[in-house]
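Visitor: Have a peek at model-v5.cif (mmCIF, C-alpha atoms and all ligand atoms).
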```
data_run
#
loop_
_atom_site.label_atom_id
_atom_site.label_comp_id
_atom_site.auth_asym_id
_atom_site.auth_seq_id
_atom_site.Cartn_x
_atom_site.Cartn_y
_atom_site.Cartn_z
CA MET A 1 -2.36 18.39 -9.71
CA THR A 2 -5.73 19.77 -10.60
CA ASP A 3 -7.23 16.62 -12.12
CA ASP A 4 -9.66 15.04 -9.68
CA SER A 5 -9.85 11.62 -11.30
CA ARG A 6 -7.35 10.37 -8.78
CA PHE A 7 -6.90 7.04 -7.05
CA ILE A 8 -7.95 6.93 -3.42
CA LEU A 9 -5.66 4.67 -1.43
CA ASP A 10 -7.69 2.56 0.96
CA PRO A 11 -5.91 1.55 4.18
CA ALA A 12 -8.29 -1.38 4.67
CA THR A 13 -7.81 -2.88 1.24
CA ALA A 14 -7.75 -6.65 1.13
CA ASP A 15 -6.00 -6.54 -2.23
CA LEU A 16 -2.90 -4.37 -1.88
CA HIS A 17 -1.03 -6.01 -4.73
CA GLY A 18 -4.05 -5.79 -7.06
CA ASP A 19 -4.46 -2.10 -6.19
CA ASN A 20 -0.76 -1.57 -6.87
CA GLU A 21 -0.99 -3.29 -10.24
CA ARG A 22 -3.72 -0.82 -11.22
CA LEU A 23 -1.57 2.06 -9.97
CA ARG A 24 1.44 0.92 -12.03
CA GLU A 25 -0.76 0.55 -15.10
CA ALA A 26 -1.81 4.19 -14.63
CA GLY A 27 1.82 5.32 -14.81
CA PRO A 28 5.08 5.73 -12.93
CA LEU A 29 3.81 8.82 -11.07
CA VAL A 30 0.10 8.75 -10.40
CA PRO A 31 -2.12 11.31 -8.62
CA VAL A 32 -3.59 9.76 -5.47
CA THR A 33 -5.36 10.76 -2.27
CA ALA A 34 -3.85 9.22 0.85
CA GLU A 35 -5.59 9.98 4.14
CA GLY A 36 -7.04 13.14 2.65
CA VAL A 37 -3.69 14.35 1.32
CA ARG A 38 -3.33 14.77 -2.42
CA ALA A 39 -0.04 13.31 -3.52
CA TRP A 40 1.80 11.66 -6.37
CA ALA A 41 2.48 7.96 -5.96
CA ALA A 42 5.83 6.63 -7.23
CA THR A 43 4.66 3.24 -8.39
CA ASP A 44 7.50 1.47 -10.18
CA TYR A 45 11.02 0.50 -9.18
CA ALA A 46 12.98 2.93 -11.35
CA THR A 47 10.80 5.92 -10.49
CA LEU A 48 10.83 5.14 -6.80
CA MET A 49 14.62 4.92 -6.94
CA THR A 50 14.74 8.32 -8.68
CA VAL A 51 12.44 9.90 -6.10
CA LEU A 52 14.41 8.47 -3.15
CA THR A 53 17.70 9.87 -4.46
CA HIS A 54 16.65 13.05 -6.31
CA PRO A 55 18.38 16.20 -5.01
CA ASP A 56 15.14 18.18 -5.40
CA MET A 57 13.09 15.73 -3.32
CA SER A 58 13.20 16.18 0.44
CA ARG A 59 11.79 14.56 3.57
CA GLU A 60 11.47 17.94 5.26
CA LEU A 61 7.81 18.64 5.78
CA HIS A 62 8.02 22.41 5.57
CA HIS A 63 8.34 22.29 1.75
CA TRP A 64 4.73 21.12 1.74
CA ALA A 65 3.39 22.54 5.00
CA ASP A 66 4.35 26.11 4.02
CA ARG A 67 1.62 25.82 1.40
CA HIS A 68 -0.90 23.37 2.91
CA THR A 69 -2.63 22.46 6.12
CA LEU A 70 -1.72 19.11 7.54
CA PRO A 71 -4.84 17.05 8.32
CA PRO A 72 -4.41 16.49 12.06
CA GLY A 73 -4.63 13.00 13.51
CA THR A 74 -3.64 11.16 10.33
CA ALA A 75 -0.75 8.69 10.13
CA ILE A 76 1.02 11.24 7.96
CA ASP A 77 0.61 13.87 10.64
CA ARG A 78 1.88 11.57 13.38
CA ILE A 79 4.91 10.36 11.49
CA VAL A 80 6.18 13.41 9.68
CA THR A 81 5.90 15.97 12.42
CA ASP A 82 8.53 14.42 14.67
CA THR A 83 12.07 15.75 14.69
CA SER A 84 13.86 12.47 14.03
CA MET A 85 16.45 11.76 11.31
CA LEU A 86 13.70 10.33 9.14
CA ASN A 87 12.38 13.85 8.56
CA ALA A 88 15.75 15.60 8.36
CA GLU A 89 18.04 16.28 5.41
CA GLY A 90 21.62 17.42 4.88
CA GLU A 91 23.68 18.43 7.88
CA ARG A 92 20.92 17.84 10.45
CA HIS A 93 20.28 14.38 9.02
CA ARG A 94 23.98 13.48 9.26
CA ARG A 95 24.19 14.81 12.82
CA LEU A 96 21.27 12.62 13.92
CA ARG A 97 22.23 9.48 11.98
CA MET A 98 26.02 9.38 12.30
CA PRO A 99 26.17 8.57 16.04
CA LEU A 100 24.07 5.45 15.42
CA THR A 101 25.86 3.92 12.45
CA ALA A 102 28.44 2.05 14.56
CA ALA A 103 25.73 0.48 16.72
CA PHE A 104 24.01 -0.95 13.63
CA SER A 105 27.15 -2.01 11.73
CA GLN A 106 27.45 -5.59 10.47
CA ARG A 107 30.33 -6.25 12.86
CA ARG A 108 28.36 -5.18 15.97
CA LEU A 109 25.39 -7.18 14.80
CA ASN A 110 27.43 -10.34 14.32
CA GLY A 111 28.22 -10.01 18.01
CA LEU A 112 24.47 -9.86 18.72
CA ARG A 113 23.69 -13.11 16.91
CA PRO A 114 24.05 -15.45 19.93
CA ARG A 115 21.77 -13.24 22.01
CA ILE A 116 19.09 -13.10 19.29
CA GLU A 117 19.33 -16.88 18.95
CA GLU A 118 18.87 -17.25 22.71
CA LEU A 119 15.79 -14.99 22.76
CA THR A 120 14.38 -16.90 19.79
CA ALA A 121 14.98 -20.27 21.46
CA ARG A 122 13.15 -19.06 24.55
CA LEU A 123 10.11 -18.08 22.47
CA ILE A 124 10.18 -21.42 20.66
CA ASP A 125 10.28 -23.24 24.00
CA ARG A 126 7.24 -21.28 25.11
CA LEU A 127 5.40 -22.20 21.89
CA ALA A 128 6.33 -25.86 22.37
CA GLU A 129 4.57 -25.83 25.75
CA LEU A 130 1.24 -24.80 24.17
CA PRO A 131 -1.29 -27.50 23.23
CA ALA A 132 -0.07 -28.80 19.86
CA ASP A 133 -3.55 -29.16 18.34
CA ALA A 134 -5.01 -25.72 19.16
CA PRO A 135 -4.49 -22.72 16.86
CA VAL A 136 -1.65 -20.38 17.85
CA ASP A 137 -1.34 -16.86 16.46
CA LEU A 138 2.32 -16.69 15.41
CA ARG A 139 2.13 -12.96 14.77
CA LEU A 140 1.29 -12.29 18.39
CA GLU A 141 3.22 -15.12 20.04
CA PHE A 142 6.40 -15.17 17.93
CA ALA A 143 6.82 -12.48 15.24
CA TYR A 144 5.86 -9.73 17.68
CA PRO A 145 7.90 -10.42 20.83
CA LEU A 146 11.23 -11.23 19.13
CA PRO A 147 12.02 -7.85 17.54
CA ARG A 148 10.51 -6.11 20.57
CA GLU A 149 12.89 -7.87 22.94
CA VAL A 150 15.91 -7.30 20.70
CA ILE A 151 15.27 -3.61 20.17
CA SER A 152 14.44 -3.08 23.86
CA GLU A 153 17.82 -4.52 24.83
CA LEU A 154 19.66 -2.50 22.23
CA ILE A 155 17.97 0.72 23.29
CA GLY A 156 18.47 -0.13 26.95
CA ILE A 157 14.97 -0.34 28.42
CA PRO A 158 15.56 -1.11 32.13
CA ALA A 159 14.15 -4.39 33.45
CA ALA A 160 11.75 -2.53 35.75
CA HIS A 161 9.99 -1.03 32.72
CA GLN A 162 9.98 -4.11 30.49
CA ASP A 163 6.55 -5.22 31.73
CA ASP A 164 4.99 -1.84 30.97
CA LEU A 165 6.63 -1.79 27.59
CA HIS A 166 5.49 -5.33 26.85
CA ARG A 167 1.92 -4.50 27.82
CA LEU A 168 2.03 -1.44 25.61
CA SER A 169 3.59 -3.37 22.75
CA ASP A 170 0.95 -6.06 22.99
CA ALA A 171 -1.77 -3.42 22.81
CA ILE A 172 0.00 -1.96 19.76
CA ALA A 173 0.09 -5.44 18.22
CA GLN A 174 -3.68 -5.73 18.64
CA VAL A 175 -4.29 -2.58 16.62
CA GLY A 176 -1.68 -3.56 14.07
CA GLY A 177 0.67 -0.63 14.51
CA LEU A 178 1.42 2.39 16.60
CA GLU A 179 0.43 4.79 13.86
CA ASP A 180 -3.14 3.59 14.34
CA SER A 181 -3.42 4.73 17.92
CA PRO A 182 -2.59 8.23 19.18
CA ALA A 183 -3.43 7.17 22.76
CA LEU A 184 -0.86 4.37 22.67
CA ARG A 185 1.67 6.69 21.13
CA ARG A 186 1.16 9.16 23.96
CA GLU A 187 1.60 6.40 26.51
CA LEU A 188 4.80 5.22 24.82
CA ARG A 189 6.17 8.74 24.92
CA GLU A 190 5.44 9.03 28.65
CA LEU A 191 7.11 5.70 29.30
CA LEU A 192 10.19 6.57 27.26
CA ASP A 193 10.38 9.97 28.99
CA GLU A 194 10.43 8.19 32.32
CA ILE A 195 13.10 5.75 31.15
CA ILE A 196 15.34 8.48 29.74
CA GLU A 197 14.98 10.41 32.97
CA GLU A 198 16.07 7.36 34.97
CA ARG A 199 19.04 6.64 32.75
CA ARG A 200 20.50 10.07 33.42
CA GLY A 201 22.06 8.64 36.57
CA THR A 202 22.80 5.06 35.48
CA PRO A 203 24.78 4.74 32.25
CA GLY A 204 24.98 1.33 30.53
CA GLU A 205 26.11 -0.24 27.26
CA ASP A 206 23.12 0.78 25.25
CA LEU A 207 21.81 3.37 22.83
CA ILE A 208 20.06 5.53 25.42
CA THR A 209 23.40 6.00 27.16
CA ASP A 210 25.25 6.77 23.89
CA LEU A 211 22.61 9.28 22.82
CA PHE A 212 22.37 10.80 26.24
CA GLU A 213 26.09 11.51 26.22
CA LEU A 214 25.63 13.42 22.99
CA HIS A 215 22.83 15.38 24.57
CA GLU A 216 24.56 16.14 27.88
CA LYS A 217 28.28 16.16 27.32
CA ASP A 218 29.11 16.81 23.73
CA GLY A 219 28.05 20.45 23.75
CA GLY A 220 24.37 19.52 23.43
CA ARG A 221 24.73 18.06 19.95
CA LEU A 222 21.36 16.44 20.39
CA SER A 223 18.44 18.45 21.74
CA GLU A 224 16.04 16.89 24.28
CA ASP A 225 13.38 16.61 21.60
CA GLU A 226 15.78 14.99 19.13
CA LEU A 227 16.89 12.53 21.80
CA PHE A 228 13.32 11.42 22.40
CA ALA A 229 12.48 11.37 18.68
CA THR A 230 15.50 9.17 17.93
CA ILE A 231 14.63 6.64 20.60
CA GLU A 232 11.00 6.57 19.58
CA LEU A 233 11.97 6.16 15.92
CA LEU A 234 14.25 3.23 16.76
CA PHE A 235 11.53 1.57 18.81
CA ILE A 236 8.85 1.97 16.15
CA ALA A 237 10.99 1.48 13.03
CA GLY A 238 12.86 -1.39 14.63
CA HIS A 239 9.77 -3.20 15.68
CA VAL A 240 6.55 -3.40 13.71
CA THR A 241 8.32 -3.52 10.32
CA THR A 242 10.24 -6.61 11.42
CA VAL A 243 7.05 -8.13 12.84
CA ASN A 244 5.50 -7.72 9.38
CA LEU A 245 8.55 -9.27 7.70
CA ILE A 246 8.50 -12.37 9.91
CA THR A 247 4.69 -12.72 9.67
CA ASN A 248 4.72 -12.32 5.88
CA ALA A 249 7.52 -14.86 5.49
CA ILE A 250 5.75 -17.45 7.66
CA ARG A 251 2.49 -16.92 5.74
CA VAL A 252 3.95 -17.35 2.27
CA LEU A 253 6.27 -20.24 3.19
CA LEU A 254 3.40 -22.21 4.72
CA SER A 255 1.48 -21.82 1.48
CA GLU A 256 4.50 -22.80 -0.68
CA PRO A 257 5.61 -26.24 0.63
CA ASP A 258 8.18 -26.75 -2.17
CA GLN A 259 9.97 -23.53 -1.27
CA LEU A 260 9.85 -24.38 2.41
CA GLU A 261 11.40 -27.77 1.66
CA LEU A 262 14.32 -26.04 -0.11
CA LEU A 263 14.99 -24.20 3.16
CA ARG A 264 14.47 -27.13 5.49
CA SER A 265 16.74 -29.39 3.44
CA GLY A 266 19.48 -26.73 3.42
CA ARG A 267 19.45 -26.42 -0.37
CA CYS A 268 18.58 -22.74 -0.05
CA PRO A 269 19.65 -20.40 2.78
CA TYR A 270 17.03 -18.77 5.00
CA SER A 271 18.51 -15.40 4.08
CA ALA A 272 17.17 -15.95 0.53
CA ALA A 273 13.64 -16.38 1.92
CA VAL A 274 14.04 -13.13 3.87
CA GLU A 275 15.13 -11.21 0.75
CA GLU A 276 12.40 -12.66 -1.43
CA THR A 277 9.76 -11.87 1.20
CA LEU A 278 11.02 -8.28 1.40
CA ARG A 279 10.65 -7.97 -2.38
CA TRP A 280 7.42 -9.90 -2.85
CA ASP A 281 5.50 -8.70 0.20
CA SER A 282 7.26 -5.56 1.46
CA PRO A 283 6.57 -4.94 5.18
CA ILE A 284 5.84 -1.31 4.30
CA ALA A 285 3.07 -0.67 1.79
CA TYR A 286 3.20 3.11 1.27
CA PHE A 287 5.51 5.50 3.00
CA PRO A 288 4.83 9.17 3.54
CA MET A 289 6.35 11.19 1.78
CA ARG A 290 8.97 13.10 -0.20
CA TYR A 291 8.29 16.77 -1.03
CA ALA A 292 9.44 18.60 -4.17
CA VAL A 293 11.81 21.35 -3.06
CA ARG A 294 11.08 23.30 -6.26
CA ASP A 295 9.34 22.70 -9.61
CA VAL A 296 10.89 19.55 -11.01
CA GLU A 297 10.29 17.07 -13.83
CA ILE A 298 10.49 13.34 -13.06
CA ASP A 299 9.82 10.68 -15.70
CA GLY A 300 8.05 13.22 -17.88
CA VAL A 301 5.74 14.40 -15.09
CA ARG A 302 5.95 17.98 -13.89
CA LEU A 303 5.83 18.34 -10.11
CA ARG A 304 5.30 21.74 -8.57
CA GLY A 305 7.35 22.91 -5.60
CA GLY A 306 5.85 21.53 -2.36
CA GLU A 307 3.98 18.65 -3.95
CA PRO A 308 4.31 15.37 -2.02
CA VAL A 309 5.32 12.02 -3.48
CA LEU A 310 4.37 8.79 -1.77
CA ALA A 311 6.85 5.91 -1.91
CA CYS A 312 5.09 2.68 -2.94
CA PHE A 313 7.54 0.10 -1.62
CA ALA A 314 5.27 -2.94 -2.02
CA SER A 315 4.46 -1.91 -5.58
CA ALA A 316 8.12 -1.50 -6.60
CA GLY A 317 8.76 -5.06 -5.39
CA ARG A 318 6.19 -6.41 -7.88
CA ASP A 319 7.22 -4.22 -10.82
CA PRO A 320 7.22 -6.44 -13.96
CA GLY A 321 9.64 -3.97 -15.57
CA GLN A 322 12.17 -4.87 -12.89
CA TYR A 323 11.52 -8.56 -12.15
CA GLU A 324 10.69 -11.56 -14.30
CA GLN A 325 7.43 -13.11 -13.13
CA ALA A 326 7.26 -10.44 -10.48
CA ASP A 327 4.16 -11.92 -8.83
CA VAL A 328 5.81 -15.31 -8.28
CA PHE A 329 7.43 -15.94 -4.90
CA ASP A 330 10.70 -17.66 -5.71
CA ILE A 331 13.50 -17.90 -3.17
CA THR A 332 15.90 -19.20 -5.82
CA ARG A 333 16.02 -15.90 -7.73
CA PRO A 334 19.70 -15.06 -8.19
CA GLN A 335 20.75 -12.05 -6.10
CA VAL A 336 17.39 -10.37 -5.76
CA THR A 337 17.64 -6.65 -5.11
CA HIS A 338 14.71 -4.62 -3.83
CA LEU A 339 13.80 -1.26 -2.34
CA ALA A 340 12.04 -2.57 0.78
CA PHE A 341 14.66 -0.84 2.96
CA GLY A 342 14.62 2.31 0.83
CA HIS A 343 17.66 3.71 -0.97
CA GLY A 344 19.99 6.68 -0.66
CA PRO A 345 20.68 8.77 2.44
CA HIS A 346 17.65 7.45 4.38
CA PHE A 347 18.41 3.80 3.60
CA CYS A 348 17.15 1.80 6.58
CA LEU A 349 19.63 2.00 9.41
CA GLY A 350 18.36 -1.26 10.86
CA ALA A 351 18.44 -3.34 7.66
CA PRO A 352 21.26 -5.66 8.82
CA LEU A 353 19.46 -6.18 12.13
CA ALA A 354 16.10 -6.90 10.47
CA ARG A 355 17.77 -9.39 8.09
CA LEU A 356 19.52 -11.14 10.96
CA GLU A 357 16.36 -11.37 13.05
CA GLY A 358 14.33 -12.65 10.09
CA GLU A 359 16.84 -15.33 9.23
CA ILE A 360 17.27 -16.55 12.82
CA ALA A 361 13.52 -16.52 13.48
CA LEU A 362 12.54 -18.49 10.39
CA ARG A 363 15.27 -21.10 10.76
CA ALA A 364 14.40 -21.71 14.41
CA LEU A 365 10.63 -21.82 13.83
CA PHE A 366 10.56 -24.12 10.82
CA GLY A 367 13.27 -26.29 12.36
CA ALA A 368 11.33 -26.72 15.61
CA PHE A 369 7.89 -27.47 14.15
CA PRO A 370 8.20 -29.73 11.09
CA ALA A 371 4.47 -30.53 11.00
CA MET A 372 3.24 -26.92 11.33
CA LYS A 373 0.10 -26.16 9.26
CA PRO A 374 -1.73 -22.88 8.55
CA VAL A 375 -5.28 -22.63 9.90
CA ALA A 376 -6.51 -20.37 7.10
CA LEU A 377 -5.59 -19.56 3.52
CA PRO A 378 -3.49 -16.38 3.18
CA ASP A 379 -6.39 -14.50 1.52
CA GLU A 380 -8.70 -15.28 4.43
CA LEU A 381 -6.55 -13.49 7.01
CA PRO A 382 -7.54 -9.90 7.89
CA PRO A 383 -5.06 -7.29 6.57
CA LEU A 384 -3.65 -4.49 8.75
CA ASP A 385 -5.86 -1.44 8.56
CA THR A 386 -3.12 1.04 7.66
CA LEU A 387 -1.48 2.55 4.59
CA LEU A 388 1.95 2.08 6.11
CA GLY A 389 2.20 -1.53 7.14
CA ASN A 390 1.64 -4.50 4.87
CA SER A 391 0.80 -7.67 6.71
CA THR A 392 -2.07 -9.60 8.24
CA ARG A 393 -3.39 -8.99 11.73
CA THR A 394 -3.02 -12.63 12.65
CA MET A 395 -1.06 -15.68 11.55
CA PRO A 396 -2.88 -18.67 13.06
CA VAL A 397 -1.26 -22.10 12.75
CA ILE A 398 -1.46 -25.56 14.28
CA LEU A 399 2.04 -26.29 15.50
C1 LIG B 401 14.41 3.85 7.52
C2 LIG B 401 12.19 -0.22 6.13
C3 LIG B 401 13.65 -2.47 10.18
C4 LIG B 401 15.49 1.71 11.75
C5 LIG B 401 13.73 2.92 6.77
C6 LIG B 401 13.24 3.13 5.42
C7 LIG B 401 12.61 2.00 5.05
C8 LIG B 401 12.71 1.06 6.13
C9 LIG B 401 11.88 1.75 3.74
C10 LIG B 401 13.48 4.37 4.57
C11 LIG B 401 12.39 5.38 4.66
C12 LIG B 401 12.60 6.51 3.69
O1 LIG B 401 13.46 6.49 2.80
O2 LIG B 401 11.85 7.48 3.81
C13 LIG B 401 12.38 -1.16 7.11
C14 LIG B 401 11.92 -2.53 7.04
C15 LIG B 401 12.34 -3.16 8.18
C16 LIG B 401 13.06 -2.18 8.97
C17 LIG B 401 11.12 -3.10 5.88
C18 LIG B 401 12.14 -4.57 8.63
C19 LIG B 401 11.95 -5.56 7.85
C20 LIG B 401 14.34 -1.55 10.94
C21 LIG B 401 15.01 -1.82 12.18
C22 LIG B 401 15.50 -0.63 12.63
C23 LIG B 401 15.16 0.38 11.65
C24 LIG B 401 15.14 -3.20 12.84
C25 LIG B 401 16.27 -0.27 13.87
C26 LIG B 401 16.43 -0.89 14.89
C27 LIG B 401 15.32 2.63 10.74
C28 LIG B 401 15.73 4.02 10.86
C29 LIG B 401 15.41 4.64 9.65
C30 LIG B 401 14.83 3.62 8.79
C31 LIG B 401 16.37 4.67 12.06
C32 LIG B 401 15.62 6.10 9.27
C33 LIG B 401 16.93 6.26 8.54
C34 LIG B 401 17.16 7.68 8.07
O3 LIG B 401 16.20 8.47 7.97
O4 LIG B 401 18.31 8.02 7.80
N1 LIG B 401 13.42 1.63 7.17
N2 LIG B 401 13.05 -0.99 8.28
N3 LIG B 401 14.46 -0.20 10.64
N4 LIG B 401 14.79 2.42 9.49
FE1 LIG B 401 14.03 0.68 8.86
#
```
Using structure tokens, write down the structure that the file contains.

Guide:
Amino acid sequence: MTDDSRFILDPATADLHGDNERLREAGPLVPVTAEGVRAWAATDYATLMTVLTHPDMSRELHHWADRHTLPPGTAIDRIVTDTSMLNAEGERHRRLRMPLTAAFSQRRLNGLRPRIEELTARLIDRLAELPADAPVDLRLEFAYPLPREVISELIGIPAAHQDDLHRLSDAIAQVGGLEDSPALRRELRELLDEIIEERRGTPGEDLITDLFELHEKDGGRLSEDELFATIELLFIAGHVTTVNLITNAIRVLLSEPDQLELLRSGRCPYSAAVEETLRWDSPIAYFPMRYAVRDVEIDGVRLRGGEPVLACFASAGRDPGQYEQADVFDITRPQVTHLAFGHGPHFCLGAPLARLEGEIALRALFGAFPAMKPVALPDELPPLDTLLGNSTRTMPVIL
């Protein structure tokens, strides 16, 4: 990658899908600069799939860091330097992921449905108490608290710490994502440290307890650092992504009354709206990174060992080579498949949970407020200022 005529990815872009169209036109693997890091961008569906499953592409940072200096303080730095499963491969990846697969299985999640419905109903009741003619930000008041409350219960955040966590989460919501704020991240770590410490003595039916047993009893299968990284990963990955999904779905459905009517009348299931939103407006824009383990050729492009490849999830969802009328939001597409949850060994662990939350949230919201109207056009809403997340900072409506 010596050519300097490269695309610079702008976290504050107001036109993500337009930028992505230009990237795809430039090729399936395009040289870009993302937060000061020179990388290849995997822009279309087939190439992204190849990169996510290629045996010579790895999530382990050292393939790149052995040869480069990581710009400190960037989102890439903050996300890839942790020791969670997301940055592990092979045996270490299996060791970190396996203990969690049962907790996120479809069967376990079906058992969670009534509880998620109850939490949703409580939020809807709170919305219904607000003045009906004043704007309400549904990102902050609905899309944000629901996944936060669900994931906090699953992880096992004790009641005494819920207020602190809520305050912290709300601050994170204001900046649009944890990756934007090192100070908040530090505070979250301190809070989780405190919680883990407390749970040593009081086991419960939650993930902290399960993971702690692995750390303490099962011959130290999980180091202290891995324990923390896993819990932090679950909190972050299980939260803001789902906030973006719910926000994006509300935004597009309010601007497409015919599609919304298909849902409200029961002619189309809410799960179809969730899948189409994931494809059409992926909650993750760009994800750092895969690294070439050795020199490798992908789609006719030669990558040198150590070179990073950025996964362009939102771009793959709009790939005209993969979807007919890719830019059209259409919940009646038959069996839409997408890469919004990734593919291969790192396929999103929480995908069934995110789908369930999305479906329950949208059905409850649109069922409760039949006259709901957006306050602004989708293009007028400020986008998140991050390369990772794809959503708007607010979702104001009149209920
Ligand atoms: C991994 C997307 C919700 C937990 C991933 C990956 C994607 C993704 C694209 C793969 C990253 C890669 O291949 O490098 C999403 C989206 C969500 C969502 C779009 C919501 C709409 C959740 C939830 C949880 C979760 C609710 C958990 C409670 C994880 C974990 C991984 C992961 C633990 C790492 C898996 C591994 O490395 O083996 N997610 N996610 N995610 N996600 Fe999600």

Visitor: Could you check which of A:Trp280, A:Phe228, A:Phe313, A:Phe341 is closest to ligand LIG 401 (chain B), using only C-alpha atoms and all ligand atoms?

Guide: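 Under the stated criterion, the closest residue is A:Phe341.
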
Visitor: Hey, which bits of chain A sit within 7 Å of ligand LIG 401 (chain B), and for each residue what's the closest pair of atoms and how far apart in Å (one decimal), counting all atoms listed in the file, rows by chain and increasing number, as JSON lines?

Guide:
```
{"residue": "A:Leu52", "atom": "CA", "partner": "B:LIG401", "partner_atom": "O1", "distance": 6.3}
{"residue": "A:Met85", "atom": "CA", "partner": "B:LIG401", "partner_atom": "O3", "distance": 4.7}
{"residue": "A:Leu86", "atom": "CA", "partner": "B:LIG401", "partner_atom": "O3", "distance": 3.3}
{"residue": "A:Asn87", "atom": "CA", "partner": "B:LIG401", "partner_atom": "O3", "distance": 6.6}
{"residue": "A:His93", "atom": "CA", "partner": "B:LIG401", "partner_atom": "O4", "distance": 6.8}
{"residue": "A:Arg97", "atom": "CA", "partner": "B:LIG401", "partner_atom": "O4", "distance": 5.9}
{"residue": "A:Ile151", "atom": "CA", "partner": "B:LIG401", "partner_atom": "C26", "distance": 6.1}
{"residue": "A:Leu233", "atom": "CA", "partner": "B:LIG401", "partner_atom": "C31", "distance": 6.0}
{"residue": "A:Leu234", "atom": "CA", "partner": "B:LIG401", "partner_atom": "C25", "distance": 5.0}
{"residue": "A:Phe235", "atom": "CA", "partner": "B:LIG401", "partner_atom": "C26", "distance": 6.7}
{"residue": "A:Ala237", "atom": "CA", "partner": "B:LIG401", "partner_atom": "C23", "distance": 4.5}
{"residue": "A:Gly238", "atom": "CA", "partner": "B:LIG401", "partner_atom": "C21", "distance": 3.3}
{"residue": "A:His239", "atom": "CA", "partner": "B:LIG401", "partner_atom": "C24", "distance": 6.1}
{"residue": "A:Thr241", "atom": "CA", "partner": "B:LIG401", "partner_atom": "C18", "distance": 4.3}
{"residue": "A:Thr242", "atom": "CA", "partner": "B:LIG401", "partner_atom": "C18", "distance": 3.9}
{"residue": "A:Asn244", "atom": "CA", "partner": "B:LIG401", "partner_atom": "C19", "distance": 7.0}
{"residue": "A:Leu245", "atom": "CA", "partner": "B:LIG401", "partner_atom": "C19", "distance": 5.0}
{"residue": "A:Leu278", "atom": "CA", "partner": "B:LIG401", "partner_atom": "C17", "distance": 6.8}
{"residue": "A:Ser282", "atom": "CA", "partner": "B:LIG401", "partner_atom": "C17", "distance": 6.4}
{"residue": "A:Pro283", "atom": "CA", "partner": "B:LIG401", "partner_atom": "C17", "distance": 5.0}
{"residue": "A:Ile284", "atom": "CA", "partner": "B:LIG401", "partner_atom": "C17", "distance": 5.8}
{"residue": "A:Phe287", "atom": "CA", "partner": "B:LIG401", "partner_atom": "O2", "distance": 6.7}
{"residue": "A:Met289", "atom": "CA", "partner": "B:LIG401", "partner_atom": "O2", "distance": 6.9}
{"residue": "A:Ala340", "atom": "CA", "partner": "B:LIG401", "partner_atom": "C17", "distance": 5.2}
{"residue": "A:Phe341", "atom": "CA", "partner": "B:LIG401", "partner_atom": "C9", "distance": 3.9}
{"residue": "A:Gly342", "atom": "CA", "partner": "B:LIG401", "partner_atom": "C9", "distance": 4.0}
{"residue": "A:His343", "atom": "CA", "partner": "B:LIG401", "partner_atom": "O1", "distance": 6.3}
{"residue": "A:Pro345", "atom": "CA", "partner": "B:LIG401", "partner_atom": "O4", "distance": 5.9}
{"residue": "A:His346", "atom": "CA", "partner": "B:LIG401", "partner_atom": "O4", "distance": 3.5}
{"residue": "A:Phe347", "atom": "CA", "partner": "B:LIG401", "partner_atom": "C10", "distance": 5.1}
{"residue": "A:Cys348", "atom": "CA", "partner": "B:LIG401", "partner_atom": "C1", "distance": 3.5}
{"residue": "A:Leu349", "atom": "CA", "partner": "B:LIG401", "partner_atom": "C27", "distance": 4.6}
{"residue": "A:Gly350", "atom": "CA", "partner": "B:LIG401", "partner_atom": "C22", "distance": 3.4}
{"residue": "A:Ala351", "atom": "CA", "partner": "B:LIG401", "partner_atom": "C3", "distance": 5.5}
{"residue": "A:Leu353", "atom": "CA", "partner": "B:LIG401", "partner_atom": "C24", "distance": 5.3}
{"residue": "A:Ala354", "atom": "CA", "partner": "B:LIG401", "partner_atom": "C24", "distance": 4.5}
{"residue": "A:Arg355", "atom": "CA", "partner": "B:LIG401", "partner_atom": "C19", "distance": 7.0}
```

Visitor: Figure out the distance between CA of Pro147 in chain A and CA of Gly358 in chain A, please, to one decimal in Å.

Guide: 9.2 Å

Visitor: Rounded to one decimal in Å, what is the spacing between CA of Glu275 in chain A and CA of Ala249 in chain A?

Guide: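 Computing it gives 9.7 Å between the two atoms.
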
Visitor: Quick one, how far is CA of Ala42 in chain A from CA of Val30 in chain A?

Guide: 6.9 Å

Visitor: Between A:Glu276, A:Asp56, A:Glu357, A:Asp299, single out the one closest to Pro334 in chain A, counting all atoms listed in the file.

Guide: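 Smallest separation from Pro334 in chain A among the options: A:Glu276.
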
Visitor: Choose the residue, out of A:Leu310, A:Leu388, A:Leu123, A:Ile195, that has the smallest atom-to-atom separation from Leu165 in chain A; count only C-alpha atoms.

Guide: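 Smallest separation from Leu165 in chain A among the options: A:Ile195.
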
Visitor: Quick one: residues within 7 Å of range 366-373 of chain A, all atoms listed in the file, excluding same-chain residues fewer than 3 positions away - as a list in words?

Guide: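 Near neighbours after the sequence-gap exclusion: Leu254, Leu362, Arg363, Val397, Ile398 and Leu399 of chain A.
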
Visitor: Write a file of the just-selected residues containing C-alpha atoms, as a short mmCIF file (atom, residue, chain, number, x, y, z; two decimals), keeping the file's coordinate frame.

Guide:
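The resulting again.cif:
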```
data_model
loop_
_atom_site.label_atom_id
_atom_site.label_comp_id
_atom_site.auth_asym_id
_atom_site.auth_seq_id
_atom_site.Cartn_x
_atom_site.Cartn_y
_atom_site.Cartn_z
CA LEU A 254 3.40 -22.21 4.72
CA LEU A 362 12.54 -18.49 10.39
CA ARG A 363 15.27 -21.10 10.76
CA VAL A 397 -1.26 -22.10 12.75
CA ILE A 398 -1.46 -25.56 14.28
CA LEU A 399 2.04 -26.29 15.50
#
```
